[in-house]
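**Q** Attaching a single structure in structure tokens format; questions to follow.
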Amino acid sequence: MKQISLKKKDLKVLLIHYSFLMIFLMIFTLSGNAQTKVDSVLSSISANNKTILANEQFWEAEKLQYKVGLSPYNPKVDYDYLNGSPATAGNQTEFAVTQSFDFPTAYGKKKQLSNDQIAKAELQLAAARQEILLQARNVALELIYRNKLQEELMIRKQNTEKWLSNFQTRLDKGDGNILDVNKAKLQLIQINSEFQENISAINQLNQKLTELNGGISIILTDTDYPQQPEIPSFEAIENEIEAANPVRKYLEQEINVAKSQVVLSRAMSLPRMEAGYRYQSILGQTFQGLHVGMTIPLWENKNTVKVRQASLVSNELNLQEHKNEHFHKILSLYEKYTNLKITLDEYKTLFGSLNNTELLDKSLTLGQISSIEYFLEMGYYYDALRNYLKTERDYHQTVSELYKYKL
């Protein structure tokens with residue numbers, strides 16, 4: 001009995017340790033998942049975004065709608081029973097089954113139009129998806145900027161707290177200056193304000209990512225930007241973008257749709273045929289045989305071809321307008337990228353060799369500069385650092401805009 005009791009205790013202890021181990025592993029896993037990379041963020045949003053999912057369902061329904069009308073018309077059945085008057089006239093019975101259909105060439109044109117419309121729908125879906133993913137990517141890049149800024153603000157905050165403590169200790173010993181303490185307090189209030197403001201911005205950006213992810217939580221804690229591809233010459237990148245641009249392809253496909261509609265309109269201007277079987281019974285006599293008919297297109301489709309041709313011209317002009325507008329947008333982005341890269345490289349060179357914080361700390365410790373000079377110089381340094389981080393963010397967002405077509 002004693003051995004059994006010990007085994008139960010051992011088992012209970014083992015279960016407790018196992019429970020703590022599982023909790024630790026869950027925390028570790030969640031912590032690891034929190035370190036979400038930009039690419040995985042976009043992948044998740046692509047799968048969970050409600051607008052993307054709604055668009056997919058909408059265009060699936062539209063593609064099915066484009067297939068409606070490809071089959072012949074429904075057959076028609078007529079039955080007439082007529083009482084004769086006077087009774088000696090006898091009763092009359094008529095029965096007919098007829099099938100009408102467009103001119104045979106129209107069915108091929110309908111199929112071509114359906115295929116063109118389905119292709120256009122897929123391009124519309126791709127263009128809408130890219131807009132959402134570009135928005136998500138820019139939010140993620142803004143978060144990386146904010147996370148990097150938070151690290152710098154934390155360093156500045158800790159450094160200012162250190163000097164405030166130092167100044168207060170010296171003042172308490174009768175060897176300090178109240179002006180130094182007050183100056184450090186004012187600096188700390190300003191830094192704490194920026195610190196809290198940045199935390200709020202980080203929370204809002206993470207909430208925006210969660211919203212774009214269909215309400216599924218995403219926490220992006222990265223401080224490293226994704227590696228950007230080498231940007232080729234303007235001519236090369238402009239050709240790449242235009243070749244893959246879904247908006248341009250969509251507008252080109254609209255022209256194809258309009259052309260198919262013109263061709264179909266001409267085919268629908270040809271006679272509509274009708275064939276079937278007809279039966280008639282009167283005074284004990286029956287008549288039966290084939291029924292053939294034709295609808296002569298005199299008025300119903302008048303001006304339809306002209307309307308389609310006008311629509312075609314409009315679509316061609318829309319494409320030309322887009323090409324012109326998109327060219328200058330790419331040119332503007334490329335010039336912005338070029339200028340940002342020059343500025344960013346200069347900042348990298350400067351901050352790669354700059355060590356202002358350490359030098360200023362040493363100078364203040366040795367009494368070579370006053371506290372006012374110290375905080376003033378630190379202010380200049382952090383203003384430049386913030387501008388560096390903003391330039392870095394703007395650079396990556398501009399490159400992201402240029403490579404939007406790859407999303």
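Naming works like this for the structure tokens: A, B, ... for the chains as they're shown, residue 1 at the start of each chain, ligands 1 onward in shown order.
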Determine, counting only C-alpha atoms, which protein, DNA and RNA residues have an atom within 6 Å of an atom of stretch 222-235 of chain A; residues of the same chain fewer than 2 positions away are not included. Present the result as a PDB file with N, CA and C atoms, in the first residue's frame.
**A**
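Saved to out19.pdb:
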ATOM      1  N   ILE A 144       7.660  49.001 -38.612  1.00  0.00           N
ATOM      2  CA  ILE A 144       9.096  48.768 -38.437  1.00  0.00           C
ATOM      3  C   ILE A 144       9.779  50.083 -38.068  1.00  0.00           C
ATOM      4  N   ASN A 147       8.922  50.821 -34.480  1.00  0.00           N
ATOM      5  CA  ASN A 147       9.644  49.932 -33.569  1.00  0.00           C
ATOM      6  C   ASN A 147      11.103  50.363 -33.412  1.00  0.00           C
ATOM      7  N   LYS A 148      11.719  50.770 -34.521  1.00  0.00           N
ATOM      8  CA  LYS A 148      13.108  51.256 -34.450  1.00  0.00           C
ATOM      9  C   LYS A 148      13.182  52.555 -33.659  1.00  0.00           C
ATOM     10  N   LEU A 220       3.429  42.867 -34.992  1.00  0.00           N
ATOM     11  CA  LEU A 220       4.689  42.950 -35.733  1.00  0.00           C
ATOM     12  C   LEU A 220       5.712  43.690 -34.883  1.00  0.00           C
ATOM     13  N   ILE A 237      12.632  49.319 -65.280  1.00  0.00           N
ATOM     14  CA  ILE A 237      11.599  49.119 -64.265  1.00  0.00           C
ATOM     15  C   ILE A 237      10.224  49.523 -64.808  1.00  0.00           C
ATOM     16  N   GLU A 238      10.197  50.560 -65.667  1.00  0.00           N
ATOM     17  CA  GLU A 238       8.923  50.990 -66.251  1.00  0.00           C
ATOM     18  C   GLU A 238       8.352  49.903 -67.162  1.00  0.00           C
TER      19      GLU A 238
END
**Q** What lies within 9 Å of stretch 104-113 of chain A using only C-alpha atoms, ignoring chain neighbours under 5 positions off, as an mmCIF file with C-alpha atoms, in the first residue's frame?
**A**
data_model
loop_
_atom_site.group_PDB
_atom_site.id
_atom_site.type_symbol
_atom_site.label_atom_id
_atom_site.label_comp_id
_atom_site.auth_asym_id
_atom_site.auth_seq_id
_atom_site.Cartn_x
_atom_site.Cartn_y
_atom_site.Cartn_z
ATOM 1 C CA TYR A 66 -21.029 35.572 -67.847
ATOM 2 C CA LYS A 67 -21.757 31.957 -68.807
ATOM 3 C CA GLY A 69 -27.089 32.726 -72.182
ATOM 4 C CA LEU A 70 -24.587 30.512 -73.982
ATOM 5 C CA SER A 71 -27.214 27.789 -74.476
ATOM 6 C CA PRO A 72 -30.125 27.933 -76.945
ATOM 7 C CA ILE A 118 -14.173 36.098 -67.288
ATOM 8 C CA ASN A 256 -11.199 42.868 -76.085
ATOM 9 C CA VAL A 257 -14.622 42.613 -74.432
ATOM 10 C CA ALA A 258 -15.853 45.652 -76.381
ATOM 11 C CA LYS A 259 -14.568 44.157 -79.645
ATOM 12 C CA SER A 260 -16.329 40.868 -78.876
ATOM 13 C CA GLN A 261 -19.527 42.791 -78.140
ATOM 14 C CA VAL A 263 -18.858 41.214 -83.304
ATOM 15 C CA LEU A 264 -21.686 39.619 -81.312
ATOM 16 C CA SER A 265 -23.989 42.569 -82.011
ATOM 17 C CA ARG A 266 -23.455 42.055 -85.735
ATOM 18 C CA ALA A 267 -24.149 38.339 -85.377
ATOM 19 C CA MET A 268 -27.325 39.083 -83.407
ATOM 20 C CA LEU A 270 -28.834 38.206 -88.444
#
**Q** Enumerate, in order of chain and increasing residue number, the residues of stretch 277-388 of chain A with an atom no farther than 10 Å from stretch 81-95 of chain A, each with its shortest atom pair and distance in Å to one decimal, counting only C-alpha atoms, as CSV.
**A**
residue,atom,partner,partner_atom,distance
A:Tyr277,CA,A:Phe95,CA,8.3
A:Arg278,CA,A:Phe95,CA,5.8
A:Tyr279,CA,A:Phe95,CA,5.0
A:Gln280,CA,A:Glu94,CA,4.4
A:Ser281,CA,A:Thr93,CA,5.0
A:Ile282,CA,A:Gln92,CA,4.6
A:Leu283,CA,A:Gly90,CA,5.5
A:Gly284,CA,A:Gly90,CA,8.3
A:Gln285,CA,A:Gln92,CA,9.7
A:Thr286,CA,A:Thr93,CA,9.0
A:Phe287,CA,A:Glu94,CA,9.2
A:Gln288,CA,A:Phe95,CA,9.1
**Q** Could you save the residues just selected, with C-alpha atoms, as a PDB file, in the first residue's frame?
**A**
ATOM      1  CA  TYR A 277     -43.499  20.133 -84.778  1.00  0.00           C
ATOM      2  CA  ARG A 278     -47.164  21.071 -85.269  1.00  0.00           C
ATOM      3  CA  TYR A 279     -50.314  18.962 -84.901  1.00  0.00           C
ATOM      4  CA  GLN A 280     -53.935  19.932 -85.700  1.00  0.00           C
ATOM      5  CA  SER A 281     -57.193  17.965 -85.348  1.00  0.00           C
ATOM      6  CA  ILE A 282     -60.603  19.152 -86.670  1.00  0.00           C
ATOM      7  CA  LEU A 283     -63.799  17.343 -87.716  1.00  0.00           C
ATOM      8  CA  GLY A 284     -62.153  13.982 -87.305  1.00  0.00           C
ATOM      9  CA  GLN A 285     -59.281  14.953 -89.530  1.00  0.00           C
ATOM     10  CA  THR A 286     -55.682  15.365 -88.327  1.00  0.00           C
ATOM     11  CA  PHE A 287     -52.857  17.394 -89.762  1.00  0.00           C
ATOM     12  CA  GLN A 288     -49.238  17.219 -88.572  1.00  0.00           C
TER      13      GLN A 288
END
**Q** Can you tell me which residues surround A:Val399 at a distance of at most 9 Å, considering only C-alpha atoms, apart from same-chain residues fewer than 4 positions away, and format the answer as a list in words?
**A**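 My reading of the contact set: Gln228, Pro229, Ile231, Leu333, Tyr334, Tyr337, Asp394, Tyr395, Tyr403 and Lys404 of chain A.
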**Q** Write the residues of the selection above to a file with N, CA and C atoms, as a compact mmCIF listing (two decimals), in the first residue's frame.
**A**
# COMPACT_ATOMS: atom_id res chain seq x y z
N GLN A 228 15.42 44.67 -49.98
CA GLN A 228 14.83 45.19 -51.20
C GLN A 228 15.68 44.78 -52.41
N PRO A 229 15.02 44.49 -53.54
CA PRO A 229 15.77 44.14 -54.75
C PRO A 229 16.51 45.34 -55.30
N ILE A 231 17.20 48.10 -57.75
CA ILE A 231 16.32 48.77 -58.70
C ILE A 231 17.09 49.02 -60.00
N LEU A 333 7.71 58.31 -58.88
CA LEU A 333 8.18 57.38 -57.84
C LEU A 333 9.67 57.09 -58.00
N TYR A 334 10.10 56.93 -59.24
CA TYR A 334 11.52 56.60 -59.47
C TYR A 334 12.41 57.78 -59.07
N TYR A 337 12.51 57.78 -55.35
CA TYR A 337 13.40 56.71 -54.89
C TYR A 337 14.86 57.11 -55.02
N ASP A 394 10.57 56.03 -45.68
CA ASP A 394 10.07 56.54 -46.96
C ASP A 394 10.72 55.81 -48.14
N TYR A 395 11.98 55.50 -47.99
CA TYR A 395 12.70 54.77 -49.06
C TYR A 395 12.06 53.40 -49.29
N TYR A 403 7.35 48.20 -56.69
CA TYR A 403 7.20 46.77 -56.90
C TYR A 403 5.81 46.26 -56.48
N LYS A 404 4.84 47.16 -56.51
CA LYS A 404 3.45 46.79 -56.20
C LYS A 404 2.96 45.65 -57.09
**Q** Point out the residue among A:Glu252, A:Asp102, A:Glu240, A:Glu142 with the least atom-to-atom distance to A:Ile202, counting only C-alpha atoms.
**A** A:Glu142
**Q** Name the residues in contact with A:Leu251 at a cut-off of 8 Å, using only C-alpha atoms, excluding same-chain residues fewer than 3 positions from it; report them as a list of chain:residue names.
**A**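 Everything that qualifies: A:Val247, A:Arg248, A:Glu254, A:Ile255, A:Asn315, A:Asn318, A:Leu319.
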**Q** So that I have them on file, write out the residues from the current selection with C-alpha atoms, as a short mmCIF file (atom, residue, chain, number, x, y, z; two decimals), in the first residue's frame.
**A**
data_model
loop_
_atom_site.label_atom_id
_atom_site.label_comp_id
_atom_site.auth_asym_id
_atom_site.auth_seq_id
_atom_site.Cartn_x
_atom_site.Cartn_y
_atom_site.Cartn_z
CA VAL A 247 -4.87 47.59 -64.25
CA ARG A 248 -3.39 48.00 -67.72
CA GLU A 254 -12.01 45.73 -71.62
CA ILE A 255 -11.10 46.57 -75.22
CA ASN A 315 -12.27 51.98 -73.76
CA ASN A 318 -9.27 55.04 -71.26
CA LEU A 319 -6.27 52.79 -71.93
#
**Q** Which polymer residues have any atom within 10 Å of an atom of A:Lys185, counting only C-alpha atoms, with same-chain residues fewer than 6 positions away left out, as a ChimeraX atom specification?
**A** /A:160-161,163-165,179,191
